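Enquirer: Mind having a look at this structure? Questions to follow.
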Amino acid sequence: MHAFLTRVIGFLLALGLPVLGQSLVVPKEVQAGRPVVLEGRELPEGRFPLVLEGPEGQETLEVEAQKGRFQLELHPKAPGEYRIRLSLPAGALEARFTALAPATSELTREGLKLPWGLLPLPPGDWLGPLVQGDKVYVAQGLLVVETSAKEKTFSFHFAPARILALRPGPEALLEGDWVLPIPFPRVPFEGKAEDLKVLGSLLEALSPPKPWPYYAYWTLDPATLTPEDLEAYGQDLLARGHRPELFFDQPGVARMAEASRSLQKRDPEKALLLARTLLRYTPLFPGSLAFFRETATYLEAQGHPAQALTFQESEKILRTWLPPQLTLLPPALGTLGIGYLALMLYLFLFYLPAQLKDLKPLGGYLGGFWKHPLLRLRHLHLAYASLGERVLALALFLALSLGFLLQGLDAQVRKELFAPPLDQGTLRTQKAQDWLRTLPPTPEVKALLGYALLSEAPKEAQGLLREATLPFALALRGDEAALAQAYRKAPLEGPIRTALQLGQDPWGAREPGPSLRTLYLALLQVELERLQEDPFREFLRLGTSLPEGVKPWAFAGFWLLLLYHLLTFLLPRRRTPVPPSWALGVRLLVPGSLGFSSGLGLVLLLLAAYGLLAFLESQKPTLLILAYGFHLLVLVLSLRRPV
């Protein structure tokens, strides 16, 4: 029997058939685009050619068998049938496998269908899936969910604005034609309130791991935020370019202040924690100074004077960051307006008899304009006034006009200052940068734009910062001379003092930057420059209380009145005497009329004007009576004076 088997094996070898046990091992089915391992077993030692045939053609490789084995990684790219042929001295070995088309990821009502199973997703308008290699992306609102086609792993990416589309890269097209790579860079939030509402529902359903971006915490009830949440919230605010010196008008900040107030009785510790977070990261928001004063009062009442002092002293610093308060401007304008009208009425009535006497030969007060218009202009009522009275009338008119202009400029600047895009607590949003580029390129505007671009375009930013001498711009230049100059200009600015190691800023070490007051002054200069370039159009834009239809007439009236005042300086004074009884009667009506050319007369006039304004606002007429009392006293003394 043994001899028979020996003869059979020898016969098979003579025919060139493979020896029993030699084989090629490969999976029957694989996925196209993924590597597959071919294994050879029980092979002779040496190098042998291997041919791979598939839908894309034929490829010849070489393998080396060591200790009877080899492994080779194949990469079938196209779906279809593949044939492997290994040539050996004893004959050829063959193997076959099928490459299947890659499994597609698909969004269904239940969620995202993947090769490993189903990823449940909350309902909504999901975008995607976007497949990038083994990674799969879907998005809704502000959230991108990243998973793997191979295994059950997840990552979450928060967009700074609503996502409109997912693109290869991967990248996302955001609202406002804004394209950012995924994962998203740490830039400020530029979305809307409805975007946060959608994000809140997604966070509740998916529970992504913390920490989150700061705007994601706005979707939660402030009373539920832990100290770790608030610390992550604040640090992310700073990392994304937000500054405590700028204004925050987001509803999420206001909700934290409201929650702190409501928790003072139920949970004083949480109320104080929220108040400290607001003070440290977002101290300027609507009603913030009143909120911090209330907090200080509450702490004092609870027996914590040292903690109350922190809020009180911080409030003093916050006031230096705010725009100048022009609370005295409206009463000053009212006083100047009443004083100017009173003076003009006095001069008109006082010199009216003399004017009528001189105009009688010319055709009368109104007829003279038709019969002898040029001669009539020589008899304007200010032509009868003294030089001092003319100067006073012009000075009051110019002061009133400049005050009115300042009020309009201030209202216009504040309108821009506390509105998008400047109400987000940062200048490093895309909208803020685009808006700054639309402004006239004054040195101050260039400095603001340079600061806004410092993180993303440092070379361009440094070029812009070198054109301005604002303290923060000097401090950002990076050289010692500029830093010293910045300190001389603003010795109390915290970031500059920290850079010079002169003390720690209460708001922590941070780069120098503009405050809300700096923005206000820069925008005020912008409005002045615009007014010089196009006075009529910019006057119509000013935030005055005049109705829109009245503004053009007010603009024309100003120039006519100014021309009238200047013209009277070219007219010789008319010397026609005024009847003494008439003069005394008119002087009784207007305080200070005995000495308008002197300082005392002006003081009495303005005092009476302010007293009348206060009386019209339902206050006691004390100042008005005082002004008339002094006026009558001076008048009586002047009558008793010997001639």
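In the structure tokens, chains take the letters A, B, ... in the order shown, each chain's residues start at 1, and ligands count up from 1 in the order shown.
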Would you give me, as JSON, numbers by chain, the residues in segment 171-299 of chain A that DSSP reads as strand (DSSP E)?

Expert: {"A": [171, 172, 173, 174, 178, 179, 180, 181]}

Enquirer: Near Phe418 of chain A, counting only C-alpha atoms, which residues have an atom at most 9 Å away, once you skip same-chain residues fewer than 4 positions from it, shown as JSON, numbers by chain?

Expert: {"A": [247, 248, 249, 413, 414, 422, 423]}

Enquirer: Emit the selected residues as an mmCIF file, in the first residue's frame, including all heavy atoms.

Expert:
```
data_model
loop_
_atom_site.group_PDB
_atom_site.id
_atom_site.type_symbol
_atom_site.label_atom_id
_atom_site.label_comp_id
_atom_site.auth_asym_id
_atom_site.auth_seq_id
_atom_site.Cartn_x
_atom_site.Cartn_y
_atom_site.Cartn_z
ATOM 1 N N PHE A 247 -19.466 96.361 24.965
ATOM 2 C CA PHE A 247 -20.866 96.241 25.365
ATOM 3 C C PHE A 247 -21.435 94.900 24.925
ATOM 4 O O PHE A 247 -21.224 94.463 23.790
ATOM 5 C CB PHE A 247 -21.661 97.392 24.733
ATOM 6 C CG PHE A 247 -23.089 97.455 25.172
ATOM 7 C CD1 PHE A 247 -23.406 97.763 26.483
ATOM 8 C CD2 PHE A 247 -24.116 97.218 24.283
ATOM 9 C CE1 PHE A 247 -24.719 97.838 26.892
ATOM 10 C CE2 PHE A 247 -25.432 97.290 24.678
ATOM 11 C CZ PHE A 247 -25.739 97.601 25.982
ATOM 12 N N PHE A 248 -22.202 94.271 25.823
ATOM 13 C CA PHE A 248 -22.844 92.986 25.554
ATOM 14 C C PHE A 248 -24.365 93.181 25.615
ATOM 15 O O PHE A 248 -24.909 93.517 26.665
ATOM 16 C CB PHE A 248 -22.432 91.936 26.595
ATOM 17 C CG PHE A 248 -20.981 91.540 26.531
ATOM 18 C CD1 PHE A 248 -20.012 92.328 27.112
ATOM 19 C CD2 PHE A 248 -20.600 90.380 25.884
ATOM 20 C CE1 PHE A 248 -18.674 91.968 27.054
ATOM 21 C CE2 PHE A 248 -19.261 90.015 25.823
ATOM 22 C CZ PHE A 248 -18.300 90.805 26.407
ATOM 23 N N ASP A 249 -25.021 92.971 24.491
ATOM 24 C CA ASP A 249 -26.477 93.136 24.444
ATOM 25 C C ASP A 249 -27.162 91.816 24.107
ATOM 26 O O ASP A 249 -28.268 91.817 23.561
ATOM 27 C CB ASP A 249 -26.856 94.210 23.411
ATOM 28 C CG ASP A 249 -28.296 94.679 23.589
ATOM 29 O OD1 ASP A 249 -28.835 94.544 24.697
ATOM 30 O OD2 ASP A 249 -28.889 95.156 22.607
ATOM 31 N N VAL A 413 -24.150 108.522 17.214
ATOM 32 C CA VAL A 413 -23.058 107.625 17.595
ATOM 33 C C VAL A 413 -23.551 106.558 18.567
ATOM 34 O O VAL A 413 -23.212 105.375 18.439
ATOM 35 C CB VAL A 413 -21.902 108.436 18.204
ATOM 36 C CG1 VAL A 413 -20.869 107.505 18.830
ATOM 37 C CG2 VAL A 413 -21.242 109.293 17.139
ATOM 38 N N ARG A 414 -24.352 106.951 19.544
ATOM 39 C CA ARG A 414 -24.873 105.964 20.503
ATOM 40 C C ARG A 414 -25.785 104.954 19.811
ATOM 41 O O ARG A 414 -25.833 103.780 20.208
ATOM 42 C CB ARG A 414 -25.626 106.674 21.628
ATOM 43 C CG ARG A 414 -24.721 107.422 22.571
ATOM 44 C CD ARG A 414 -25.483 108.181 23.636
ATOM 45 N NE ARG A 414 -24.608 109.069 24.367
ATOM 46 C CZ ARG A 414 -23.924 108.731 25.451
ATOM 47 N NH1 ARG A 414 -24.043 107.514 25.954
ATOM 48 N NH2 ARG A 414 -23.138 109.597 26.058
ATOM 49 N N LEU A 422 -21.726 96.210 16.893
ATOM 50 C CA LEU A 422 -20.865 96.646 17.986
ATOM 51 C C LEU A 422 -21.401 96.257 19.357
ATOM 52 O O LEU A 422 -20.788 96.591 20.364
ATOM 53 C CB LEU A 422 -20.679 98.175 17.933
ATOM 54 C CG LEU A 422 -20.019 98.725 16.672
ATOM 55 C CD1 LEU A 422 -19.825 100.225 16.789
ATOM 56 C CD2 LEU A 422 -18.687 98.040 16.397
ATOM 57 N N ASP A 423 -22.536 95.587 19.429
ATOM 58 C CA ASP A 423 -23.128 95.242 20.719
ATOM 59 C C ASP A 423 -22.855 93.795 21.114
ATOM 60 O O ASP A 423 -23.538 93.245 21.965
ATOM 61 C CB ASP A 423 -24.637 95.492 20.691
ATOM 62 C CG ASP A 423 -25.345 94.637 19.659
ATOM 63 O OD1 ASP A 423 -24.660 94.047 18.798
ATOM 64 O OD2 ASP A 423 -26.582 94.531 19.723
#
```

Enquirer: Can you work out which one of A:Asp434, A:Glu73, A:Glu315, A:Glu493 has the shortest atom-to-atom distance to Pro35 of chain A, counting only C-alpha atoms?

Expert: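 For Pro35 of chain A, the nearest of the candidates is A:Glu73.
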
Enquirer: Name all residues at most 12 Å from Leu119 of chain A (count only C-alpha atoms; drop same-chain ones fewer than 3 positions away) and give them as a PDB file with all heavy atoms, in the first residue's frame.

Expert:
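In the end it all went to result_32.pdb:
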```
ATOM      1  N   SER A 105     -23.928  56.002   3.540  1.00  0.00           N
ATOM      2  CA  SER A 105     -24.597  56.525   4.725  1.00  0.00           C
ATOM      3  C   SER A 105     -25.842  57.267   4.269  1.00  0.00           C
ATOM      4  O   SER A 105     -25.827  57.983   3.263  1.00  0.00           O
ATOM      5  CB  SER A 105     -23.664  57.470   5.485  1.00  0.00           C
ATOM      6  OG  SER A 105     -22.477  56.807   5.837  1.00  0.00           O
ATOM      7  N   GLU A 106     -26.909  57.136   5.023  1.00  0.00           N
ATOM      8  CA  GLU A 106     -28.185  57.676   4.576  1.00  0.00           C
ATOM      9  C   GLU A 106     -28.958  58.223   5.771  1.00  0.00           C
ATOM     10  O   GLU A 106     -29.002  57.623   6.843  1.00  0.00           O
ATOM     11  CB  GLU A 106     -28.995  56.580   3.883  1.00  0.00           C
ATOM     12  CG  GLU A 106     -30.334  57.048   3.349  1.00  0.00           C
ATOM     13  CD  GLU A 106     -31.129  55.908   2.733  1.00  0.00           C
ATOM     14  OE1 GLU A 106     -30.639  54.755   2.749  1.00  0.00           O
ATOM     15  OE2 GLU A 106     -32.254  56.176   2.258  1.00  0.00           O
ATOM     16  N   LEU A 107     -29.548  59.415   5.572  1.00  0.00           N
ATOM     17  CA  LEU A 107     -30.420  59.991   6.589  1.00  0.00           C
ATOM     18  C   LEU A 107     -31.824  59.437   6.433  1.00  0.00           C
ATOM     19  O   LEU A 107     -32.392  59.454   5.336  1.00  0.00           O
ATOM     20  CB  LEU A 107     -30.454  61.519   6.462  1.00  0.00           C
ATOM     21  CG  LEU A 107     -29.337  62.307   7.152  1.00  0.00           C
ATOM     22  CD1 LEU A 107     -29.410  63.777   6.780  1.00  0.00           C
ATOM     23  CD2 LEU A 107     -29.412  62.140   8.662  1.00  0.00           C
ATOM     24  N   THR A 108     -32.373  58.939   7.529  1.00  0.00           N
ATOM     25  CA  THR A 108     -33.741  58.434   7.529  1.00  0.00           C
ATOM     26  C   THR A 108     -34.521  59.155   8.631  1.00  0.00           C
ATOM     27  O   THR A 108     -33.973  59.982   9.363  1.00  0.00           O
ATOM     28  CB  THR A 108     -33.764  56.924   7.783  1.00  0.00           C
ATOM     29  OG1 THR A 108     -33.260  56.657   9.104  1.00  0.00           O
ATOM     30  CG2 THR A 108     -32.895  56.190   6.762  1.00  0.00           C
ATOM     31  N   ARG A 109     -35.778  58.819   8.760  1.00  0.00           N
ATOM     32  CA  ARG A 109     -36.586  59.428   9.813  1.00  0.00           C
ATOM     33  C   ARG A 109     -36.079  59.054  11.197  1.00  0.00           C
ATOM     34  O   ARG A 109     -36.185  59.826  12.145  1.00  0.00           O
ATOM     35  CB  ARG A 109     -38.048  58.982   9.680  1.00  0.00           C
ATOM     36  CG  ARG A 109     -38.768  59.589   8.482  1.00  0.00           C
ATOM     37  CD  ARG A 109     -40.234  59.201   8.519  1.00  0.00           C
ATOM     38  NE  ARG A 109     -40.964  59.824   7.420  1.00  0.00           N
ATOM     39  CZ  ARG A 109     -42.277  59.672   7.223  1.00  0.00           C
ATOM     40  NH1 ARG A 109     -42.982  58.900   8.052  1.00  0.00           N
ATOM     41  NH2 ARG A 109     -42.866  60.276   6.217  1.00  0.00           N
ATOM     42  N   GLU A 110     -35.522  57.862  11.304  1.00  0.00           N
ATOM     43  CA  GLU A 110     -35.038  57.393  12.596  1.00  0.00           C
ATOM     44  C   GLU A 110     -33.667  57.965  12.950  1.00  0.00           C
ATOM     45  O   GLU A 110     -33.296  58.011  14.117  1.00  0.00           O
ATOM     46  CB  GLU A 110     -34.962  55.867  12.613  1.00  0.00           C
ATOM     47  CG  GLU A 110     -36.315  55.171  12.528  1.00  0.00           C
ATOM     48  CD  GLU A 110     -36.882  55.185  11.120  1.00  0.00           C
ATOM     49  OE1 GLU A 110     -36.082  55.407  10.164  1.00  0.00           O
ATOM     50  OE2 GLU A 110     -38.095  55.027  10.960  1.00  0.00           O
ATOM     51  N   GLY A 111     -32.881  58.383  11.934  1.00  0.00           N
ATOM     52  CA  GLY A 111     -31.552  58.895  12.203  1.00  0.00           C
ATOM     53  C   GLY A 111     -30.628  58.663  11.030  1.00  0.00           C
ATOM     54  O   GLY A 111     -31.065  58.599   9.863  1.00  0.00           O
ATOM     55  N   LEU A 112     -29.344  58.490  11.313  1.00  0.00           N
ATOM     56  CA  LEU A 112     -28.324  58.306  10.284  1.00  0.00           C
ATOM     57  C   LEU A 112     -27.992  56.827  10.173  1.00  0.00           C
ATOM     58  O   LEU A 112     -27.513  56.204  11.131  1.00  0.00           O
ATOM     59  CB  LEU A 112     -27.070  59.110  10.643  1.00  0.00           C
ATOM     60  CG  LEU A 112     -25.889  59.001   9.675  1.00  0.00           C
ATOM     61  CD1 LEU A 112     -26.256  59.523   8.293  1.00  0.00           C
ATOM     62  CD2 LEU A 112     -24.682  59.759  10.230  1.00  0.00           C
ATOM     63  N   LYS A 113     -28.244  56.272   8.995  1.00  0.00           N
ATOM     64  CA  LYS A 113     -27.961  54.866   8.740  1.00  0.00           C
ATOM     65  C   LYS A 113     -26.509  54.722   8.307  1.00  0.00           C
ATOM     66  O   LYS A 113     -26.062  55.335   7.341  1.00  0.00           O
ATOM     67  CB  LYS A 113     -28.891  54.337   7.654  1.00  0.00           C
ATOM     68  CG  LYS A 113     -28.784  52.848   7.414  1.00  0.00           C
ATOM     69  CD  LYS A 113     -29.771  52.407   6.355  1.00  0.00           C
ATOM     70  CE  LYS A 113     -29.653  50.904   6.082  1.00  0.00           C
ATOM     71  NZ  LYS A 113     -30.583  50.466   5.017  1.00  0.00           N
ATOM     72  N   LEU A 114     -25.748  53.894   9.036  1.00  0.00           N
ATOM     73  CA  LEU A 114     -24.327  53.697   8.802  1.00  0.00           C
ATOM     74  C   LEU A 114     -24.035  52.212   8.643  1.00  0.00           C
ATOM     75  O   LEU A 114     -24.879  51.371   8.998  1.00  0.00           O
ATOM     76  CB  LEU A 114     -23.523  54.263   9.974  1.00  0.00           C
ATOM     77  CG  LEU A 114     -23.608  55.786  10.157  1.00  0.00           C
ATOM     78  CD1 LEU A 114     -23.198  56.174  11.555  1.00  0.00           C
ATOM     79  CD2 LEU A 114     -22.744  56.498   9.126  1.00  0.00           C
ATOM     80  N   PRO A 115     -22.854  51.846   8.139  1.00  0.00           N
ATOM     81  CA  PRO A 115     -22.540  50.422   7.986  1.00  0.00           C
ATOM     82  C   PRO A 115     -22.613  49.648   9.295  1.00  0.00           C
ATOM     83  O   PRO A 115     -22.971  48.472   9.297  1.00  0.00           O
ATOM     84  CB  PRO A 115     -21.112  50.445   7.415  1.00  0.00           C
ATOM     85  CG  PRO A 115     -21.016  51.745   6.694  1.00  0.00           C
ATOM     86  CD  PRO A 115     -21.847  52.704   7.474  1.00  0.00           C
ATOM     87  N   TRP A 116     -22.291  50.305  10.423  1.00  0.00           N
ATOM     88  CA  TRP A 116     -22.322  49.580  11.688  1.00  0.00           C
ATOM     89  C   TRP A 116     -23.685  49.625  12.375  1.00  0.00           C
ATOM     90  O   TRP A 116     -23.889  49.007  13.410  1.00  0.00           O
ATOM     91  CB  TRP A 116     -21.265  50.103  12.644  1.00  0.00           C
ATOM     92  CG  TRP A 116     -21.258  51.611  12.838  1.00  0.00           C
ATOM     93  CD1 TRP A 116     -20.432  52.502  12.249  1.00  0.00           C
ATOM     94  CD2 TRP A 116     -22.113  52.370  13.702  1.00  0.00           C
ATOM     95  NE1 TRP A 116     -20.691  53.780  12.663  1.00  0.00           N
ATOM     96  CE2 TRP A 116     -21.736  53.731  13.567  1.00  0.00           C
ATOM     97  CE3 TRP A 116     -23.163  52.067  14.561  1.00  0.00           C
ATOM     98  CZ2 TRP A 116     -22.356  54.761  14.254  1.00  0.00           C
ATOM     99  CZ3 TRP A 116     -23.789  53.089  15.260  1.00  0.00           C
ATOM    100  CH2 TRP A 116     -23.399  54.412  15.102  1.00  0.00           C
ATOM    101  N   PRO A 122     -32.373  63.473  16.746  1.00  0.00           N
ATOM    102  CA  PRO A 122     -33.653  64.133  17.002  1.00  0.00           C
ATOM    103  C   PRO A 122     -34.240  64.674  15.704  1.00  0.00           C
ATOM    104  O   PRO A 122     -33.510  64.943  14.745  1.00  0.00           O
ATOM    105  CB  PRO A 122     -33.290  65.257  17.970  1.00  0.00           C
ATOM    106  CG  PRO A 122     -31.837  65.481  17.777  1.00  0.00           C
ATOM    107  CD  PRO A 122     -31.257  64.163  17.392  1.00  0.00           C
ATOM    108  N   PRO A 129     -25.824  63.302   4.607  1.00  0.00           N
ATOM    109  CA  PRO A 129     -24.491  63.163   5.202  1.00  0.00           C
ATOM    110  C   PRO A 129     -23.369  63.537   4.246  1.00  0.00           C
ATOM    111  O   PRO A 129     -23.488  63.340   3.035  1.00  0.00           O
ATOM    112  CB  PRO A 129     -24.428  61.689   5.569  1.00  0.00           C
ATOM    113  CG  PRO A 129     -25.315  61.027   4.563  1.00  0.00           C
ATOM    114  CD  PRO A 129     -26.419  62.002   4.265  1.00  0.00           C
ATOM    115  N   VAL A 136     -18.138  60.591   8.738  1.00  0.00           N
ATOM    116  CA  VAL A 136     -19.434  60.993   8.207  1.00  0.00           C
ATOM    117  C   VAL A 136     -19.929  62.170   9.039  1.00  0.00           C
ATOM    118  O   VAL A 136     -19.867  62.144  10.270  1.00  0.00           O
ATOM    119  CB  VAL A 136     -20.456  59.836   8.264  1.00  0.00           C
ATOM    120  CG1 VAL A 136     -21.781  60.266   7.647  1.00  0.00           C
ATOM    121  CG2 VAL A 136     -19.903  58.605   7.546  1.00  0.00           C
ATOM    122  N   TYR A 137     -20.431  63.232   8.353  1.00  0.00           N
ATOM    123  CA  TYR A 137     -20.873  64.446   9.017  1.00  0.00           C
ATOM    124  C   TYR A 137     -22.327  64.735   8.674  1.00  0.00           C
ATOM    125  O   TYR A 137     -22.734  64.635   7.506  1.00  0.00           O
ATOM    126  CB  TYR A 137     -20.023  65.650   8.592  1.00  0.00           C
ATOM    127  CG  TYR A 137     -18.545  65.514   8.860  1.00  0.00           C
ATOM    128  CD1 TYR A 137     -17.712  64.868   7.941  1.00  0.00           C
ATOM    129  CD2 TYR A 137     -17.976  66.021  10.019  1.00  0.00           C
ATOM    130  CE1 TYR A 137     -16.348  64.741   8.176  1.00  0.00           C
ATOM    131  CE2 TYR A 137     -16.613  65.901  10.263  1.00  0.00           C
ATOM    132  CZ  TYR A 137     -15.810  65.261   9.343  1.00  0.00           C
ATOM    133  OH  TYR A 137     -14.461  65.135   9.579  1.00  0.00           O
ATOM    134  N   VAL A 138     -23.099  65.114   9.679  1.00  0.00           N
ATOM    135  CA  VAL A 138     -24.445  65.650   9.488  1.00  0.00           C
ATOM    136  C   VAL A 138     -24.546  66.907  10.338  1.00  0.00           C
ATOM    137  O   VAL A 138     -23.817  67.068  11.329  1.00  0.00           O
ATOM    138  CB  VAL A 138     -25.541  64.635   9.879  1.00  0.00           C
ATOM    139  CG1 VAL A 138     -25.580  63.469   8.909  1.00  0.00           C
ATOM    140  CG2 VAL A 138     -25.348  64.140  11.302  1.00  0.00           C
ATOM    141  N   VAL A 145     -22.556  66.923  13.806  1.00  0.00           N
ATOM    142  CA  VAL A 145     -22.288  65.636  14.445  1.00  0.00           C
ATOM    143  C   VAL A 145     -21.355  64.850  13.533  1.00  0.00           C
ATOM    144  O   VAL A 145     -21.666  64.625  12.359  1.00  0.00           O
ATOM    145  CB  VAL A 145     -23.583  64.848  14.704  1.00  0.00           C
ATOM    146  CG1 VAL A 145     -23.263  63.520  15.378  1.00  0.00           C
ATOM    147  CG2 VAL A 145     -24.546  65.665  15.556  1.00  0.00           C
ATOM    148  N   GLU A 146     -20.217  64.451  14.058  1.00  0.00           N
ATOM    149  CA  GLU A 146     -19.232  63.670  13.303  1.00  0.00           C
ATOM    150  C   GLU A 146     -19.208  62.248  13.858  1.00  0.00           C
ATOM    151  O   GLU A 146     -19.133  62.050  15.074  1.00  0.00           O
ATOM    152  CB  GLU A 146     -17.857  64.308  13.425  1.00  0.00           C
ATOM    153  CG  GLU A 146     -16.749  63.487  12.777  1.00  0.00           C
ATOM    154  CD  GLU A 146     -15.366  64.005  13.120  1.00  0.00           C
ATOM    155  OE1 GLU A 146     -15.222  65.210  13.405  1.00  0.00           O
ATOM    156  OE2 GLU A 146     -14.424  63.183  13.126  1.00  0.00           O
ATOM    157  N   THR A 147     -19.277  61.272  12.974  1.00  0.00           N
ATOM    158  CA  THR A 147     -19.186  59.876  13.390  1.00  0.00           C
ATOM    159  C   THR A 147     -18.294  59.133  12.405  1.00  0.00           C
ATOM    160  O   THR A 147     -17.782  59.722  11.446  1.00  0.00           O
ATOM    161  CB  THR A 147     -20.582  59.228  13.465  1.00  0.00           C
ATOM    162  OG1 THR A 147     -20.460  57.910  13.996  1.00  0.00           O
ATOM    163  CG2 THR A 147     -21.237  59.170  12.096  1.00  0.00           C
ATOM    164  N   SER A 148     -18.106  57.845  12.651  1.00  0.00           N
ATOM    165  CA  SER A 148     -17.243  57.021  11.806  1.00  0.00           C
ATOM    166  C   SER A 148     -18.078  55.962  11.119  1.00  0.00           C
ATOM    167  O   SER A 148     -19.039  55.437  11.695  1.00  0.00           O
ATOM    168  CB  SER A 148     -16.146  56.371  12.653  1.00  0.00           C
ATOM    169  OG  SER A 148     -15.410  55.440  11.885  1.00  0.00           O
ATOM    170  N   ALA A 149     -17.720  55.675   9.877  1.00  0.00           N
ATOM    171  CA  ALA A 149     -18.399  54.603   9.162  1.00  0.00           C
ATOM    172  C   ALA A 149     -17.935  53.229   9.636  1.00  0.00           C
ATOM    173  O   ALA A 149     -18.585  52.223   9.344  1.00  0.00           O
ATOM    174  CB  ALA A 149     -18.164  54.744   7.655  1.00  0.00           C
ATOM    175  N   GLU A 151     -16.852  52.474  13.106  1.00  0.00           N
ATOM    176  CA  GLU A 151     -17.172  52.141  14.489  1.00  0.00           C
ATOM    177  C   GLU A 151     -18.067  53.219  15.083  1.00  0.00           C
ATOM    178  O   GLU A 151     -18.216  54.310  14.533  1.00  0.00           O
ATOM    179  CB  GLU A 151     -15.886  52.010  15.305  1.00  0.00           C
ATOM    180  CG  GLU A 151     -14.970  53.220  15.198  1.00  0.00           C
ATOM    181  CD  GLU A 151     -13.656  52.998  15.887  1.00  0.00           C
ATOM    182  OE1 GLU A 151     -13.604  52.116  16.755  1.00  0.00           O
ATOM    183  OE2 GLU A 151     -12.688  53.712  15.570  1.00  0.00           O
ATOM    184  N   LYS A 152     -18.613  52.905  16.225  1.00  0.00           N
ATOM    185  CA  LYS A 152     -19.576  53.783  16.874  1.00  0.00           C
ATOM    186  C   LYS A 152     -18.841  54.813  17.736  1.00  0.00           C
ATOM    187  O   LYS A 152     -18.710  54.682  18.943  1.00  0.00           O
ATOM    188  CB  LYS A 152     -20.530  52.944  17.725  1.00  0.00           C
ATOM    189  CG  LYS A 152     -21.782  53.669  18.145  1.00  0.00           C
ATOM    190  CD  LYS A 152     -22.734  52.726  18.850  1.00  0.00           C
ATOM    191  CE  LYS A 152     -24.036  53.423  19.224  1.00  0.00           C
ATOM    192  NZ  LYS A 152     -24.987  52.510  19.881  1.00  0.00           N
ATOM    193  N   THR A 153     -18.361  55.882  17.095  1.00  0.00           N
ATOM    194  CA  THR A 153     -17.702  56.987  17.785  1.00  0.00           C
ATOM    195  C   THR A 153     -18.354  58.292  17.353  1.00  0.00           C
ATOM    196  O   THR A 153     -18.857  58.404  16.228  1.00  0.00           O
ATOM    197  CB  THR A 153     -16.204  57.026  17.465  1.00  0.00           C
ATOM    198  OG1 THR A 153     -16.035  57.159  16.042  1.00  0.00           O
ATOM    199  CG2 THR A 153     -15.501  55.763  17.935  1.00  0.00           C
ATOM    200  N   PHE A 154     -18.315  59.313  18.226  1.00  0.00           N
ATOM    201  CA  PHE A 154     -18.996  60.573  17.946  1.00  0.00           C
ATOM    202  C   PHE A 154     -18.113  61.748  18.337  1.00  0.00           C
ATOM    203  O   PHE A 154     -17.348  61.675  19.300  1.00  0.00           O
ATOM    204  CB  PHE A 154     -20.323  60.681  18.722  1.00  0.00           C
ATOM    205  CG  PHE A 154     -21.199  59.476  18.601  1.00  0.00           C
ATOM    206  CD1 PHE A 154     -21.274  58.549  19.629  1.00  0.00           C
ATOM    207  CD2 PHE A 154     -21.947  59.267  17.465  1.00  0.00           C
ATOM    208  CE1 PHE A 154     -22.079  57.444  19.531  1.00  0.00           C
ATOM    209  CE2 PHE A 154     -22.760  58.156  17.355  1.00  0.00           C
ATOM    210  CZ  PHE A 154     -22.827  57.240  18.380  1.00  0.00           C
ATOM    211  N   LEU A 206     -29.077  65.208  22.494  1.00  0.00           N
ATOM    212  CA  LEU A 206     -27.826  64.498  22.213  1.00  0.00           C
ATOM    213  C   LEU A 206     -26.840  64.499  23.376  1.00  0.00           C
ATOM    214  O   LEU A 206     -25.942  63.650  23.418  1.00  0.00           O
ATOM    215  CB  LEU A 206     -27.156  65.111  20.979  1.00  0.00           C
ATOM    216  CG  LEU A 206     -27.970  65.014  19.671  1.00  0.00           C
ATOM    217  CD1 LEU A 206     -27.275  65.793  18.561  1.00  0.00           C
ATOM    218  CD2 LEU A 206     -28.160  63.562  19.266  1.00  0.00           C
TER     219      LEU A 206
END
```

Enquirer: Please measure the separation of atom CA of Leu130 of chain A and atom CA of Ala216 of chain A, giving the value in Å to one decimal.

Expert: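 Calculated distance between atom CA of Leu130 of chain A and atom CA of Ala216 of chain A is 23.9 Å.
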
Enquirer: Work out how far apart atom CA of Ala383 of chain A and atom CA of Trp370 of chain A are and give it in Å to one decimal.

Expert: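 Calculated distance between atom CA of Ala383 of chain A and atom CA of Trp370 of chain A is 19.5 Å.
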
Enquirer: Grab the atom CA of Pro471 of chain A to atom CA of Thr327 of chain A distance for me, in Å with one decimal place.

Expert: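 The value is 27.1 Å.
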
Enquirer: Residues of segment 281-439 of chain A classed as alpha helix (DSSP H) by DSSP on the backbone are to be reported as a count of residues only.

Expert: 110

Enquirer: Skip Leu100 of chain A itself and residues of its chain fewer than 2 positions away, then list as a PyMOL selection string all residues within 9 Å of it, counting only C-alpha atoms.

Expert: chain A and resi 29-32+78-81+98+102-103

Enquirer: Would you please work out which residue, of A:Leu24, A:Ala393, A:Leu417, A:Ala509, is nearest to Leu521 of chain A when using only C-alpha atoms?

Expert: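 The shortest atom-to-atom distance to Leu521 of chain A comes from A:Leu417.
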
Enquirer: Taking 4 positions as the minimum chain separation for residues in the same chain, which residues sit within 6 Å of Arg69 of chain A when counting only C-alpha atoms? Answer as a list in words.

Expert: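 Once the adjacent positions are removed, what remains is Gly40, Arg41 and Ala65 of chain A.
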